[in-house]
file work12.txt (compact mmCIF, C-alpha atoms)
# COMPACT_ATOMS: atom_id res chain seq x y z
CA MET A 213 7.25 -16.59 9.36
CA SER A 214 6.99 -16.35 5.55
CA ILE A 215 6.39 -13.23 3.44
CA LYS A 216 3.36 -13.32 1.13
CA PRO A 217 2.98 -11.17 -2.03
CA LYS A 218 0.62 -8.25 -1.39
CA LEU A 219 1.99 -5.37 -3.52
CA ASN A 220 0.87 -4.73 -7.11
CA ARG A 221 2.66 -2.98 -10.00
CA PHE A 222 1.37 0.48 -9.03
CA ASP A 223 2.58 -0.01 -5.45
CA LEU A 224 6.04 -0.96 -6.69
CA THR A 225 6.17 1.94 -9.19
CA MET A 226 5.44 4.38 -6.36
CA ILE A 227 8.08 2.65 -4.24
CA VAL A 228 10.65 2.99 -7.06
CA ILE A 229 9.96 6.72 -7.41
CA SER A 230 10.01 7.12 -3.63
CA LEU A 231 13.34 5.31 -3.31
CA VAL A 232 14.92 7.65 -5.86
CA ILE A 233 13.30 11.00 -5.09
CA GLY A 234 14.45 11.67 -1.57
CA MET A 235 15.52 15.13 -0.48
CA GLY A 236 18.60 15.19 -2.69
CA ILE A 237 16.98 17.02 -5.61
CA PHE A 238 16.21 19.95 -3.27
CA ALA A 239 19.84 20.28 -2.16
CA THR A 240 22.37 18.47 -4.36
CA PRO A 241 22.00 20.70 -7.48
CA SER A 242 23.81 23.38 -5.48
CA ASP A 243 26.67 20.96 -4.78
CA VAL A 244 26.73 19.85 -8.44
CA ALA A 245 26.93 23.50 -9.56
CA ASN A 246 29.88 24.08 -7.25
CA LYS A 247 31.73 21.01 -8.51
CA ALA A 248 30.87 21.67 -12.18
CA GLY A 249 31.80 25.36 -12.35
CA ASN A 250 29.94 25.93 -15.63
CA VAL A 251 26.55 25.33 -17.20
CA TYR A 252 27.69 22.67 -19.71
CA ILE A 253 29.20 20.33 -17.10
CA PHE A 254 26.23 20.96 -14.81
CA PHE A 255 23.59 19.84 -17.31
CA GLY A 256 25.94 17.27 -18.83
CA ALA A 257 26.25 15.58 -15.43
CA TRP A 258 22.46 15.47 -14.91
CA ILE A 259 21.74 14.15 -18.41
CA PHE A 260 24.56 11.59 -18.27
CA GLY A 261 23.53 10.58 -14.74
CA GLY A 262 19.96 10.03 -15.93
CA LEU A 263 21.06 7.84 -18.85
CA VAL A 264 23.40 5.81 -16.62
CA SER A 265 20.62 5.39 -14.05
CA LEU A 266 18.28 4.18 -16.79
CA CYS A 267 20.95 1.62 -17.75
CA GLY A 268 21.13 0.62 -14.09
CA ALA A 269 17.35 0.39 -13.80
CA LEU A 270 17.14 -1.88 -16.86
CA THR A 271 19.97 -4.04 -15.48
CA PHE A 272 18.32 -4.41 -12.07
CA ALA A 273 14.97 -5.01 -13.75
CA GLU A 274 16.38 -8.12 -15.42
CA ILE A 275 18.08 -9.18 -12.17
CA GLY A 276 14.74 -8.83 -10.38
CA ALA A 277 12.93 -10.76 -13.12
CA ARG A 278 15.47 -13.61 -13.17
CA PHE A 279 15.84 -13.82 -9.41
CA PRO A 280 12.73 -12.54 -7.58
CA ALA A 281 13.41 -13.04 -3.88
CA THR A 282 12.88 -11.28 -0.57
CA GLY A 283 16.10 -9.43 0.22
CA GLY A 284 17.09 -9.88 -3.41
CA PHE A 285 20.06 -7.52 -3.22
CA TYR A 286 21.71 -9.90 -0.76
CA LYS A 287 20.46 -13.08 -2.42
CA VAL A 288 21.89 -12.15 -5.84
CA PHE A 289 25.38 -11.66 -4.39
CA SER A 290 25.14 -14.93 -2.50
CA TYR A 291 23.92 -16.85 -5.57
CA CYS A 292 26.33 -15.32 -8.10
CA TYR A 293 29.45 -14.78 -5.98
CA HIS A 294 29.69 -16.26 -2.48
CA PRO A 295 27.74 -15.79 0.78
CA ALA A 296 30.82 -14.10 2.30
CA ILE A 297 30.90 -11.49 -0.49
CA ALA A 298 27.12 -11.06 -0.17
CA PHE A 299 27.39 -10.36 3.54
CA MET A 300 30.41 -8.07 3.18
CA ILE A 301 28.72 -5.85 0.57
CA ASN A 302 25.28 -5.80 2.18
CA TRP A 303 26.65 -5.30 5.69
CA VAL A 304 28.24 -2.05 4.48
CA LEU A 305 25.26 -1.04 2.33
CA VAL A 306 22.87 -1.47 5.26
CA ILE A 307 24.98 1.00 7.24
CA SER A 308 25.27 3.22 4.15
CA ASN A 309 21.51 3.18 3.60
CA ALA A 310 20.91 4.11 7.23
CA ALA A 311 23.40 6.98 6.81
CA SER A 312 21.65 8.04 3.60
CA VAL A 313 18.28 8.13 5.35
CA ALA A 314 19.82 10.09 8.22
CA ALA A 315 21.42 12.56 5.79
CA VAL A 316 18.14 13.20 3.96
CA ALA A 317 16.25 13.58 7.23
CA LEU A 318 18.80 16.20 8.32
CA ILE A 319 18.04 18.29 5.21
CA GLY A 320 14.33 18.28 6.00
CA ALA A 321 14.96 19.19 9.63
CA ASP A 322 17.06 22.18 8.54
CA TYR A 323 14.13 23.45 6.49
CA ILE A 324 11.50 23.20 9.19
CA LYS A 325 13.37 23.93 12.43
CA PRO A 326 12.97 27.76 12.18
CA PHE A 327 9.21 27.26 12.60
CA LEU A 328 9.27 24.53 15.24
CA LEU A 329 12.09 25.49 17.61
CA PRO A 330 13.03 28.63 19.57
CA ALA A 331 16.03 30.72 18.48
CA ASN A 332 18.35 29.21 21.09
CA MET A 333 17.78 25.75 19.55
CA GLN A 334 18.51 26.74 15.93
CA ASN A 335 21.62 24.56 15.97
CA ASP A 336 22.80 21.00 15.27
CA PHE A 337 21.20 19.74 18.47
CA GLY A 338 17.81 21.12 17.44
CA THR A 339 18.20 19.54 14.00
CA LYS A 340 18.87 16.16 15.59
CA ILE A 341 15.77 16.43 17.83
CA ILE A 342 13.47 17.05 14.84
CA THR A 343 15.15 14.32 12.78
CA ILE A 344 14.94 11.65 15.47
CA THR A 345 11.31 12.56 16.20
CA SER A 346 10.42 12.22 12.50
CA VAL A 347 12.05 8.80 12.30
CA ALA A 348 10.25 7.68 15.46
CA ILE A 349 6.84 8.71 14.06
CA LEU A 350 7.37 6.67 10.89
CA TYR A 351 8.59 3.75 12.97
CA VAL A 352 5.18 3.66 14.64
CA ILE A 353 3.29 4.03 11.33
CA ASN A 354 5.17 1.10 9.78
CA PHE A 355 3.97 -1.21 12.53
CA LEU A 356 0.48 -0.96 11.00
CA GLY A 357 1.57 -3.22 8.13
CA ILE A 358 3.32 -3.24 4.76
CA LYS A 359 0.15 -2.58 2.74
CA MET A 360 -0.70 0.43 4.89
CA SER A 361 2.90 1.64 4.54
CA ALA A 362 2.70 1.25 0.75
CA ARG A 363 -0.55 3.25 0.62
CA THR A 364 0.96 5.96 2.81
CA GLN A 365 3.96 5.96 0.49
CA SER A 366 1.80 6.42 -2.61
CA VAL A 367 0.10 9.47 -1.08
CA LEU A 368 3.40 11.02 0.03
CA ILE A 369 5.18 10.48 -3.30
CA ILE A 370 2.28 11.91 -5.32
CA PHE A 371 2.48 14.95 -3.04
CA LYS A 372 6.25 15.17 -3.60
CA MET A 373 5.93 14.90 -7.39
CA SER A 374 3.34 17.68 -7.27
CA MET A 375 5.83 19.86 -5.41
CA ILE A 376 8.48 19.30 -8.08
CA ILE A 377 5.97 20.20 -10.80
CA LEU A 378 5.03 23.33 -8.82
CA ILE A 379 8.69 24.38 -8.63
CA CYS A 380 9.02 23.83 -12.39
CA THR A 381 6.22 26.34 -13.03
CA THR A 382 8.55 29.14 -11.89
CA VAL A 383 9.93 29.24 -15.45
CA PHE A 384 6.60 30.76 -16.50
CA LYS A 385 6.85 33.59 -13.96
CA SER A 386 7.16 36.36 -16.56
CA ASN A 387 7.66 39.31 -14.19
CA TYR A 388 10.59 37.78 -12.30
CA VAL A 389 13.97 39.36 -13.03
CA PRO A 390 16.87 36.96 -12.23
CA VAL A 391 19.73 38.36 -10.16
CA GLU A 392 23.06 37.92 -11.90
CA THR A 393 25.48 36.04 -9.63
CA ALA A 394 29.12 35.47 -10.54
CA ILE A 395 30.05 31.85 -11.26
CA VAL A 396 32.87 30.29 -9.25
CA PRO A 397 34.75 28.09 -11.77
CA HIS A 398 36.09 24.65 -10.84
CA SER A 399 39.81 24.78 -10.04
CA GLY A 400 40.78 21.38 -11.48
CA SER A 401 40.47 19.72 -14.90
CA LEU A 402 37.15 19.35 -16.75
CA ILE A 403 37.30 15.57 -16.30
CA THR A 404 37.71 15.94 -12.52
CA ALA A 405 34.91 18.52 -12.42
CA PHE A 406 32.61 16.14 -14.31
CA GLY A 407 33.56 13.16 -12.13
CA LEU A 408 33.01 15.04 -8.86
CA SER A 409 29.71 16.43 -10.16
CA LEU A 410 28.52 12.88 -10.75
CA VAL A 411 29.01 11.98 -7.05
CA ALA A 412 26.03 14.12 -6.00
CA VAL A 413 24.12 13.34 -9.22
CA PHE A 414 24.35 9.56 -8.72
CA PHE A 415 23.37 9.99 -5.06
CA THR A 416 20.26 11.88 -6.17
CA TYR A 417 19.37 9.26 -8.81
CA GLY A 418 20.12 6.26 -6.58
CA GLY A 419 17.75 3.98 -4.70
CA TYR A 420 15.92 2.07 -7.45
CA GLN A 421 18.15 -0.98 -6.92
CA GLN A 422 16.43 -1.68 -3.60
CA THR A 423 13.27 -2.71 -5.43
CA ILE A 424 14.71 -6.20 -5.94
CA ASN A 425 14.46 -6.62 -2.14
CA PHE A 426 10.66 -6.79 -2.57
CA GLY A 427 10.71 -9.89 -4.78
CA GLY A 428 8.69 -11.84 -2.23
CA ASP A 429 6.19 -9.00 -1.69
CA ILE A 430 5.24 -8.39 -5.35
CA ILE A 431 2.31 -10.07 -7.09
CA ASN A 432 3.56 -11.60 -10.39
CA ALA A 433 7.10 -10.37 -9.63
CA LYS A 434 8.80 -11.51 -12.86
CA THR A 435 6.54 -9.23 -14.91
CA ASN A 436 5.78 -6.40 -12.51
CA ILE A 437 9.32 -5.70 -11.23
CA PRO A 438 10.88 -4.77 -14.61
CA LYS A 439 7.86 -2.73 -15.75
CA ALA A 440 7.60 -0.83 -12.46
CA VAL A 441 11.35 -0.12 -12.28
CA THR A 442 11.55 1.08 -15.91
CA PHE A 443 8.49 3.33 -15.73
CA GLY A 444 9.55 4.68 -12.33
CA ILE A 445 13.09 5.69 -13.33
CA ILE A 446 11.94 7.31 -16.62
CA THR A 447 9.46 9.38 -14.59
CA VAL A 448 12.27 10.43 -12.24
CA ILE A 449 14.59 11.46 -15.11
CA ILE A 450 11.89 13.71 -16.62
CA LEU A 451 11.18 15.33 -13.24
CA TYR A 452 14.87 15.86 -12.43
CA LEU A 453 15.77 17.47 -15.75
CA SER A 454 12.70 19.70 -15.53
CA ILE A 455 13.43 20.95 -12.02
CA ASN A 456 17.12 21.55 -12.79
CA TYR A 457 16.14 23.65 -15.79
CA ALA A 458 13.82 25.64 -13.50
CA TYR A 459 16.65 26.16 -10.98
CA PHE A 460 18.97 27.36 -13.75
CA HIS A 461 16.33 29.58 -15.37
CA ILE A 462 15.66 31.46 -12.11
CA LEU A 463 19.05 31.41 -10.36
CA GLY A 464 21.72 30.74 -12.98
CA ILE A 465 24.77 28.60 -12.16
CA GLY A 466 26.23 31.28 -9.89
CA GLY A 467 22.98 31.51 -7.94
CA LEU A 468 22.78 27.73 -7.68
CA GLN A 469 26.28 27.66 -6.18
CA LYS A 470 25.21 30.02 -3.39
CA THR A 471 21.68 28.76 -2.67
CA PRO A 472 21.59 25.49 -0.68
CA ALA A 473 17.87 25.88 0.23
CA LEU A 474 16.80 25.68 -3.41
CA ALA A 475 13.17 24.66 -2.96
CA ALA A 476 12.48 27.56 -0.56
CA LYS A 477 13.97 30.05 -3.00
CA MET A 478 11.99 28.70 -5.94
CA ILE A 479 8.62 28.58 -4.14
CA GLY A 480 9.35 32.09 -2.91
CA VAL A 481 9.39 33.26 -6.54
CA ILE A 482 5.72 32.22 -6.83
CA PHE A 483 4.33 32.90 -3.36
CA GLY A 484 6.60 35.68 -2.11
CA ALA A 485 7.25 35.93 1.63
CA THR A 486 5.00 32.98 2.46
CA GLY A 487 6.87 30.73 0.03
CA TYR A 488 9.49 29.63 2.53
CA LYS A 489 6.88 28.52 5.09
CA ILE A 490 4.93 26.58 2.47
CA THR A 491 8.11 24.93 1.25
CA SER A 492 9.20 23.96 4.76
CA ILE A 493 6.04 21.93 5.29
CA MET A 494 6.28 20.36 1.83
CA ILE A 495 9.93 19.46 2.31
CA PHE A 496 9.19 17.90 5.67
CA LEU A 497 6.50 15.67 4.12
CA SER A 498 8.99 14.72 1.42
CA VAL A 499 11.39 13.60 4.14
CA LEU A 500 8.68 11.39 5.61
CA ALA A 501 8.20 9.73 2.19
CA TYR A 502 11.89 8.94 1.78
CA VAL A 503 12.41 7.67 5.32
CA ASN A 504 9.24 5.58 5.13
CA VAL A 505 10.19 3.74 1.94
CA ASN A 506 13.64 2.90 3.31
CA VAL A 507 12.11 1.57 6.51
CA LEU A 508 10.04 -0.66 4.23
CA ALA A 509 12.93 -1.88 2.05
CA ASN A 510 16.03 -2.38 4.18
CA PRO A 511 14.73 -4.92 6.74
CA ARG A 512 14.05 -7.31 3.82
CA VAL A 513 17.84 -7.63 3.42
CA TYR A 514 18.08 -8.76 7.05
CA TYR A 515 15.38 -11.35 6.27
CA ALA A 516 17.51 -12.80 3.47
CA MET A 517 20.63 -12.89 5.67
CA ALA A 518 18.72 -14.63 8.46
CA GLU A 519 17.33 -17.12 5.93
CA ASP A 520 20.92 -18.09 5.09
CA GLY A 521 21.74 -18.43 8.78
CA ILE A 522 24.14 -15.45 8.86
CA LEU A 523 21.96 -13.38 11.16
CA PRO A 524 19.94 -14.75 14.10
CA PRO A 525 16.45 -16.14 13.23
CA ILE A 526 14.78 -13.18 14.97
CA PHE A 527 15.65 -11.02 11.94
CA MET A 528 13.49 -13.33 9.82
CA LYS A 529 10.49 -13.15 12.10
CA VAL A 530 7.49 -11.59 10.34
CA ASN A 531 4.18 -10.61 11.93
CA PRO A 532 1.75 -12.86 9.99
CA LYS A 533 -1.03 -10.25 10.09
CA THR A 534 0.89 -7.08 9.16
CA GLN A 535 3.81 -8.66 7.21
CA VAL A 536 6.15 -6.42 9.24
CA GLN A 537 9.60 -7.55 10.41
CA GLU A 538 9.25 -5.94 13.79
CA PHE A 539 12.74 -6.72 15.08
CA GLY A 540 14.47 -6.09 11.74
CA MET A 541 12.73 -2.75 11.34
CA SER A 542 13.61 -1.78 14.91
CA PHE A 543 17.25 -2.61 14.22
CA PHE A 544 17.31 -0.39 11.10
CA ILE A 545 15.67 2.51 12.96
CA ALA A 546 18.20 2.13 15.78
CA ALA A 547 21.07 2.31 13.22
CA ILE A 548 19.67 5.58 11.81
CA ILE A 549 19.36 7.14 15.26
CA ILE A 550 22.87 6.07 16.31
CA ILE A 551 24.34 7.63 13.15
CA LEU A 552 22.44 10.86 13.85
CA PHE A 553 24.15 11.14 17.22
CA PHE A 554 27.56 11.25 15.54
CA VAL A 555 26.92 13.21 12.33
CA ALA A 556 24.95 16.45 11.97
CA LYS A 557 25.65 17.61 8.41
CA PHE A 558 24.54 16.24 5.04
CA SER A 559 27.87 16.99 3.32
CA GLU A 560 29.80 14.95 5.90
CA MET A 561 27.96 11.78 4.89
CA LEU A 562 27.77 12.16 1.11
CA LYS A 563 31.25 10.89 0.16
CA TYR A 564 31.07 7.90 2.50
CA VAL A 565 27.59 6.92 1.32
CA MET A 566 28.51 7.21 -2.36
CA PHE A 567 31.82 5.33 -1.97
CA PHE A 568 29.95 2.33 -0.58
CA ASP A 569 27.09 2.68 -3.08
CA THR A 570 29.26 2.87 -6.20
CA ILE A 571 31.19 -0.28 -5.24
CA GLY A 572 28.09 -2.20 -4.19
CA LEU A 573 25.97 -1.23 -7.19
CA SER A 574 28.67 -1.87 -9.78
CA MET A 575 29.35 -5.33 -8.33
CA ALA A 576 25.61 -6.06 -8.31
CA ALA A 577 25.41 -5.05 -11.98
CA VAL A 578 28.35 -7.35 -12.83
CA ALA A 579 26.25 -10.18 -11.36
CA ILE A 580 23.89 -10.02 -14.36
CA PHE A 581 26.58 -11.72 -16.49
CA LEU A 582 26.84 -14.59 -14.00
CA LEU A 583 23.09 -14.70 -13.44
CA ARG A 584 22.38 -15.12 -17.16
CA LYS A 585 24.59 -18.22 -17.24
CA LYS A 586 23.04 -19.69 -14.10
CA THR A 587 19.44 -19.08 -15.25
CA LYS A 588 19.65 -20.06 -18.93
CA HIS A 589 16.56 -22.21 -18.43
CA LEU A 590 14.51 -19.00 -18.08
CA ASP A 591 15.42 -17.71 -21.54
CA GLY A 592 12.43 -17.67 -23.85
CA THR A 593 9.93 -17.98 -21.00
CA GLY A 594 8.65 -14.42 -21.36
CA ILE A 595 10.70 -12.79 -18.59
CA TYR A 596 12.20 -9.35 -19.13
CA THR A 597 15.67 -9.25 -20.75
CA ILE A 598 17.85 -6.24 -21.60
CA LYS A 599 17.65 -5.50 -25.34
CA TRP A 600 21.10 -3.97 -25.77
CA PHE A 601 23.07 -6.49 -23.74
CA PRO A 602 25.90 -6.26 -22.74
CA LEU A 603 26.20 -2.54 -23.64
CA VAL A 604 23.61 -1.37 -21.09
CA PRO A 605 25.17 -2.95 -17.97
CA VAL A 606 28.72 -2.14 -19.18
CA ILE A 607 27.89 1.59 -19.44
CA PHE A 608 26.48 1.49 -15.90
CA ILE A 609 29.45 -0.41 -14.43
CA ILE A 610 32.18 1.73 -16.05
CA SER A 611 30.40 4.96 -15.06
CA TYR A 612 30.19 3.93 -11.42
CA TRP A 613 33.84 2.86 -11.37
CA PHE A 614 34.74 6.29 -12.76
CA VAL A 615 32.92 7.97 -9.86
CA THR A 616 34.50 5.58 -7.33
CA ILE A 617 37.98 6.58 -8.52
CA ASN A 618 37.10 10.28 -8.25
CA ILE A 619 35.84 9.82 -4.69
CA PHE A 620 38.95 7.87 -3.76
CA ILE A 621 41.12 10.70 -5.12
CA THR A 622 39.33 13.22 -2.90
CA PHE A 623 40.09 11.03 0.11
CA ARG A 624 43.70 12.21 -0.17
CA GLU A 625 42.59 15.24 1.82
CA ASN A 626 41.60 12.86 4.62
CA PRO A 627 43.51 9.54 4.36
CA TYR A 628 41.65 8.13 7.36
CA ALA A 629 38.39 8.30 5.40
CA ALA A 630 39.64 5.75 2.86
CA LEU A 631 40.92 3.48 5.65
CA ILE A 632 37.56 3.67 7.43
CA CYS A 633 35.73 2.64 4.24
CA LEU A 634 38.05 -0.28 3.54
CA ALA A 635 38.00 -1.34 7.21
CA ALA A 636 34.19 -1.49 7.08
CA TYR A 637 34.38 -4.08 4.29
CA ALA A 638 37.04 -6.07 6.18
CA LEU A 639 34.92 -6.02 9.33
CA GLY A 640 32.01 -7.47 7.34
CA LEU A 641 34.13 -10.48 6.36
CA VAL A 642 35.26 -10.96 9.96
CA ILE A 643 31.65 -10.90 11.19
CA TYR A 644 30.56 -13.36 8.48
CA TYR A 645 33.22 -15.95 9.22
CA ALA A 646 32.76 -15.52 12.97
CA CYS A 647 29.02 -16.17 12.62
CA THR A 648 29.42 -19.15 10.29
CA TRP A 649 32.16 -20.65 12.48
CA ASN A 650 29.99 -20.26 15.57
CA LYS A 651 27.04 -21.83 13.75
CA LYS A 652 29.20 -24.76 12.64
CA THR A 653 30.60 -25.42 16.12
CA THR A 654 27.15 -25.27 17.78
CA THR A 655 25.64 -27.74 15.29
CA GLU A 656 28.54 -30.13 15.81

call {"tool": "encode", "arguments": {"input": "work12.txt", "output": "C-alpha cells"}}
result
Amino acid sequence: MSIKPKLNRFDLTMIVISLVIGMGIFATPSDVANKAGNVYIFFGAWIFGGLVSLCGALTFAEIGARFPATGGFYKVFSYCYHPAIAFMINWVLVISNAASVAAVALIGADYIKPFLLPANMQNDFGTKIITITSVAILYVINFLGIKMSARTQSVLIIFKMSMIILICTTVFKSNYVPVETAIVPHSGSLITAFGLSLVAVFFTYGGYQQTINFGGDIINAKTNIPKAVTFGIITVIILYLSINYAYFHILGIGGLQKTPALAAKMIGVIFGATGYKITSIMIFLSVLAYVNVNVLANPRVYYAMAEDGILPPIFMKVNPKTQVQEFGMSFFIAAIIIILFFVAKFSEMLKYVMFFDTIGLSMAAVAIFLLRKKTKHLDGTGIYTIKWFPLVPVIFIISYWFVTINIFITFRENPYAALICLAAYALGLVIYYACTWNKKTTTE
C-alpha cells in the first residue's frame, strides 16, 4: 500500500521541466501578442512571468523541503489551513489539471491530424479521436511502473528541449526576409493589456508546483526537491525567452498575432516545405511528454486525500511492484476524456484553468508563512530556505492576485463563467462535509 522513494534528483529535474514545458510555448505566444498589442508589453510579460515563476519555484522548493509528502499539494493545505480548505482547492485543481492536459493534447492533435485523418475528418471530432487515442496510449505505458514512466519522461523532455533549441536557431537564418505584418494594438489600457498577457504567460510557466506531490517518491527529498525545482525552472526561463526572441525575430509582433501554429512556421524557415511535417511529429511527441508527466503527478493527490479518509481507500491502493496507483490513475484519465467530450478548443479552457490555478497557487504560497511557524524545529537543520523572505513569496502572491482580478473582469462578458468557477469551489466543500459526515456516522 505504501509509496517508496525511487526517483533521484535528475528524475525530478526532468519532471519539473516536463510539468512546465507542455504545448503552451508553441501556441500561447500568439495569444500573448494579441493581448499585448506591442513589443514592449509582449517581452515585458514574458520576463516578468519568468521572474514571478522563479519566485514561485523558490517558494514551493521550501514548502517541499519543509513538508515532503506524497500528494504534498493537498497535505500542505490540510496541515496549514484545514482539511476542508485542502479538499476544496485540490478538488477544483484536479479538474483544472485534467482540463489543462486535455487543452494541451488538443493543440498537438490539431498539428498532426492533417497527416493522420482524411479530409472529411479535419474537424473537432477528428481532433477528439486523436487526443483520446494519445491519452489511452500513455495510460497503458504508465501501468509499467513509475520508474519506467520517469525514464520515458526524461527521453521525451530531452527531445522537446532539443526542438526548442532547433527553433531558436532560426535567428541565424541569414537569407530569410521577414514579412512585415501590421500590429493590431490592444484596445484597453496598458495595465489591462499587461494583466491579460500574463494569463497565457503564467499558464505557459505553470506546473512546477506539482513537484511537491512527489515527496514520497524522491530519494533524499529535503535536499533534492529544492535543487531540482530551482534548476528546472531556471532552465525553462532561458528556453522560453530564447524561443520568444526567435518568434519575434522571424515574425514580428504582427506576425505572431496571426500565426497560431508557431512551431510549424518556424521549422518551415529552416526546412522549407517539409518543415510542417517534421514539426507535426515533434509536437505530437511533446504532447506525449506533457500528458505523461501529469498522469504521473495528479494521482498522488488522490493518495493524500484517501490517506486522510476523504476519498475511498481504493484511491490509496498502490501496486507494490510498479508503484502505480492503478485506480487513481484510471480516474484521472477518465476525467480527461470526459472533459474532451465537452470542449474542443484550447482557448475555451484557458480562462477557466488559469482562474482556478491563480487562486490555488497563491493560497499555497501563503501557506509558507504558516508552515515556517509550524516547522520552526527544522530551522538550522540544513534544509532549503528562501534567502529573500518574505519578499520572494509576496511578489509571487501579489502577481497571481493581479492576474486573478484581470480574469474575473473578463468574465463580465460571460457572467455564468464566474458563477461556474465559484460553484465548483462550493461543490468541493459540500462533497467534503458529506464524505466526512458519512464516515462519522458509519464509524459510530

call {"tool": "residues_around", "arguments": {"input": "work12.txt", "residues": "Thr597 of chain A", "least_positions_apart": "6", "cutoff": "10 Å", "atoms": "only C-alpha atoms", "output": "list in words"}}
result
Leu270, Thr271, Ala273, Glu274, Ile275, Ala277, Arg278, Pro438, Arg584 and Asp591 of chain A

call {"tool": "atom_distance", "arguments": {"input": "work12.txt", "atom1": "atom CA of Gly419 of chain A", "atom2": "atom CA of Asp569 of chain A"}}
result
9.6 Å

call {"tool": "residues_around", "arguments": {"input": "work12.txt", "residues": "Val264 of chain A", "least_positions_apart": "5", "cutoff": "10 Å", "atoms": "only C-alpha atoms", "output": "ChimeraX atom specification"}}
result
/A:258-259,269-270,414,417,604-612

call {"tool": "write_last_selection", "arguments": {"input": "work12.txt", "atoms": "C-alpha atoms", "output": "compact mmCIF listing (two decimals), keeping the file's coordinate frame"}}
result
# COMPACT_ATOMS: atom_id res chain seq x y z
CA TRP A 258 22.46 15.47 -14.91
CA ILE A 259 21.74 14.15 -18.41
CA ALA A 269 17.35 0.39 -13.80
CA LEU A 270 17.14 -1.88 -16.86
CA PHE A 414 24.35 9.56 -8.72
CA TYR A 417 19.37 9.26 -8.81
CA VAL A 604 23.61 -1.37 -21.09
CA PRO A 605 25.17 -2.95 -17.97
CA VAL A 606 28.72 -2.14 -19.18
CA ILE A 607 27.89 1.59 -19.44
CA PHE A 608 26.48 1.49 -15.90
CA ILE A 609 29.45 -0.41 -14.43
CA ILE A 610 32.18 1.73 -16.05
CA SER A 611 30.40 4.96 -15.06
CA TYR A 612 30.19 3.93 -11.42

call {"tool": "atom_distance", "arguments": {"input": "work12.txt", "atom1": "atom CA of Phe614 of chain A", "atom2": "atom CA of Phe299 of chain A"}}
result
24.4 Å

call {"tool": "closest_residue", "arguments": {"input": "work12.txt", "among": "A:Lys434, A:Lys372, A:His461, A:Arg512", "to": "Lys529 of chain A", "atoms": "all atoms listed in the file"}}
result
A:Arg512

call {"tool": "closest_residue", "arguments": {"input": "work12.txt", "among": "A:Ser574, A:Asn504, A:Thr423, A:Ser409", "to": "Leu350 of chain A", "atoms": "all atoms listed in the file"}}
result
A:Asn504

call {"tool": "axis_aligned_box", "arguments": {"input": "work12.txt", "around": "segment 318-322 of chain A", "padding_each_side": "5 Å", "output": "lines of an AutoDock Vina configuration file"}}
result
center_x = 16.6
center_y = 19.2
center_z = 7.4
size_x = 14.5
size_y = 16.0
size_z = 14.4

call {"tool": "atom_distance", "arguments": {"input": "work12.txt", "atom1": "atom CA of Gln537 of chain A", "atom2": "atom CA of Val507 of chain A"}}
result
10.2 Å

call {"tool": "residues_near_point", "arguments": {"input": "work12.txt", "point": "(25.4, -13.0, 8.8)", "cutoff": "8 Å", "atoms": "only C-alpha atoms", "output": "ChimeraX atom specification"}}
result
/A:299,517-518,520-524,643-644,647-648

call {"tool": "closest_residue", "arguments": {"input": "work12.txt", "among": "A:Leu219, A:Leu603, A:Val306, A:Leu631", "to": "Asn432 of chain A", "atoms": "only C-alpha atoms"}}
result
A:Leu219

call {"tool": "residues_around", "arguments": {"input": "work12.txt", "residues": "Asn246 of chain A", "least_positions_apart": "5", "cutoff": "10 Å", "atoms": "only C-alpha atoms", "output": "PyMOL selection string"}}
result
chain A and resi 240-241+254+395-398+405+408-409+465-466+468-470

call {"tool": "closest_residue", "arguments": {"input": "work12.txt", "among": "A:Tyr459, A:Trp303, A:Tyr291, A:Phe371", "to": "Ile495 of chain A", "atoms": "all atoms listed in the file"}}
result
A:Phe371

call {"tool": "residues_near_point", "arguments": {"input": "work12.txt", "point": "(28.5, -12.2, -16.6)", "cutoff": "12 Å", "atoms": "all atoms listed in the file", "output": "list in words"}}
result
Thr271, Ile275, Cys292, Tyr293, Met575, Ala576, Ala577, Val578, Ala579, Ile580, Phe581, Leu582, Leu583, Arg584, Lys585, Lys586, Thr587, Phe601, Pro602, Pro605 and Val606 of chain A

call {"tool": "closest_residue", "arguments": {"input": "work12.txt", "among": "A:Lys599, A:Lys588, A:Lys287, A:Lys439", "to": "Val513 of chain A", "atoms": "all atoms listed in the file"}}
result
A:Lys287
